[in-house]
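In what follows, a single structure is set out as structure tokens and then discussed.
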Amino acid sequence: MVKQRIGLLGGSFDPVHIAHIALANAALYNLQLHQVQLLPASQPWQKGQLGASAPHRLAMLELACAPYQNLVINPIEIERGGTTYTYETVSQLPSDKDYFWILGSDQIQNFTQWHNWQGILNYVSLAVAKRPGSSLAAPPELDHYLRSHNKVLHHIDFAPTPISATLIRERLQQHQSVASMVPQSVAHYIEQHHLYQP
């Protein structure tokens, strides 16, 4: 029986935006995945206080993923609570599938600073997409580790976009429209619940 190929896209999703969904769909197609699971963080170790609560971030993700049957939400990190470490998450996933951890080229550059990064690579393959201003190439330490362990760094064909959750939150605090940056259902939800207001 062929193992299912599952993409994992972690993040704060504070809020989820169209580049997240486009990246998930690009990974699905490029890596021939059965599904992509979006994993909203409880409290990422490298970030400060998040702008929206976990229930709000989950609700926005559900709205954004609703039109796509192969995009699903995995709330494992929110259910675990506390500080979020990728190693803990991937080590708790069912072992009967092949996992691909999807990340931007900006994140690949600091991957060797992640908690137990070598341990993460026992559970997942890395799949990197271009982000503005950063290289797709693995930094030397990671590149050496991948080569010496016969692991492949997969590339996702994805046009880099300048959209970011930080930019969206800034625009909302200035009462500017974010209609072109988030799915319509998410824009409506943000407005309805008065999220990210100054």
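Residues in the structure tokens are numbered from 1 in each chain, the chains being A, B, ... in the order shown, and ligands are numbered from 1 in the order shown.
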**Request:** Fewer than 5 positions away in the same chain doesn't count, so skip those; otherwise give me all residues within 10 Å of region 59-73 of chain A, counting only C-alpha atoms, as a VMD selection string.
**Result:** chain A and resid 6 to 9 13 to 18 20 to 21 24 to 25 28 33 to 40 54 182 to 190
**Prompt:** Any idea what's packed within 9 Å of region 152-158 of chain A, counting only C-alpha atoms, ignoring anything in its chain fewer than 5 positions away? Could you give it as a VMD selection string?
**Reply:** chain A and resid 22 to 23 26 to 27 29 to 31 100 102 125 to 131 136 to 138 143 146 to 147
**Which of A:Asn74, A:Gln197, A:Thr112, A:Gly11 sits closest to Pro139 (chain A) [using only C-alpha atoms]** = A:Thr112
**helix (DSSP H, G or I) positions in chain A, given as a PyMOL selection string** = chain A and resi 18-30+54-65+76-80+86-91+105-108+111-113+117-120+140-148+165-173+184-192
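For the pair CA of Asp98 (chain A) and CA of Lys3 (chain A), the interatomic distance is 6.4 Å.
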**Request:** Mind listing the strand (DSSP E) residues of region 88-188 of chain A, per DSSP on the backbone, as a list in words?
**Result:** Lys97, Asp98, Tyr99, Phe100, Trp101, Ile102, Leu103, Gly104, Val124, Ser125, Leu126, Ala127, Val128, Ala129, Leu153, His154, His155 and Ile156 of chain A
Write the selection just made, keeping C-alpha atoms, as a tab-separated table (two decimals), in the first residue's frame?
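And here is the file that came out, again_24.tsv:
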```
chain	number	residue	atom	x	y	z
A	97	LYS	CA	2.55	8.61	6.35
A	98	ASP	CA	5.30	10.52	4.53
A	99	TYR	CA	5.44	14.11	5.78
A	100	PHE	CA	6.76	17.23	4.05
A	101	TRP	CA	7.34	20.31	6.20
A	102	ILE	CA	6.57	23.37	4.04
A	103	LEU	CA	8.51	26.53	4.78
A	104	GLY	CA	9.59	29.77	3.16
A	124	VAL	CA	9.77	15.03	7.87
A	125	SER	CA	11.32	16.05	4.57
A	126	LEU	CA	11.75	19.79	4.01
A	127	ALA	CA	10.00	21.55	1.13
A	128	VAL	CA	10.97	25.18	0.55
A	129	ALA	CA	9.23	27.97	-1.36
A	153	LEU	CA	15.53	19.49	0.01
A	154	HIS	CA	12.37	19.74	-2.11
A	155	HIS	CA	11.54	22.97	-3.94
A	156	ILE	CA	7.99	24.27	-4.37
```
**Item:** Residue neighbourhood region 50-53 of chain A, 10 Å, only C-alpha atoms, exclusion window fewer than 2 positions, as JSON, numbers by chain
**Value:** {"A": [12, 13, 14, 15, 41, 42, 43, 44, 47, 48, 55, 56, 57, 58, 165, 166, 169, 190, 195, 196, 197]}
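In this structure, CA of Ile108 (chain A) sits 11.0 Å away from CA of Pro140 (chain A).
You can rank A:Phe111, A:Met1, A:Gln49, A:Asn116 by their closest distance to Tyr87 (chain A) using only C-alpha atoms, and at the top of that list sits A:Asn116.
We find CA of Ser180 (chain A) and CA of Pro160 (chain A) to be spaced 15.8 Å apart.
Shortest atom-to-atom contact with Asn110 (chain A) among A:Glu88, A:Glu141, A:Glu191, A:Glu170: A:Glu141, counting only C-alpha atoms.
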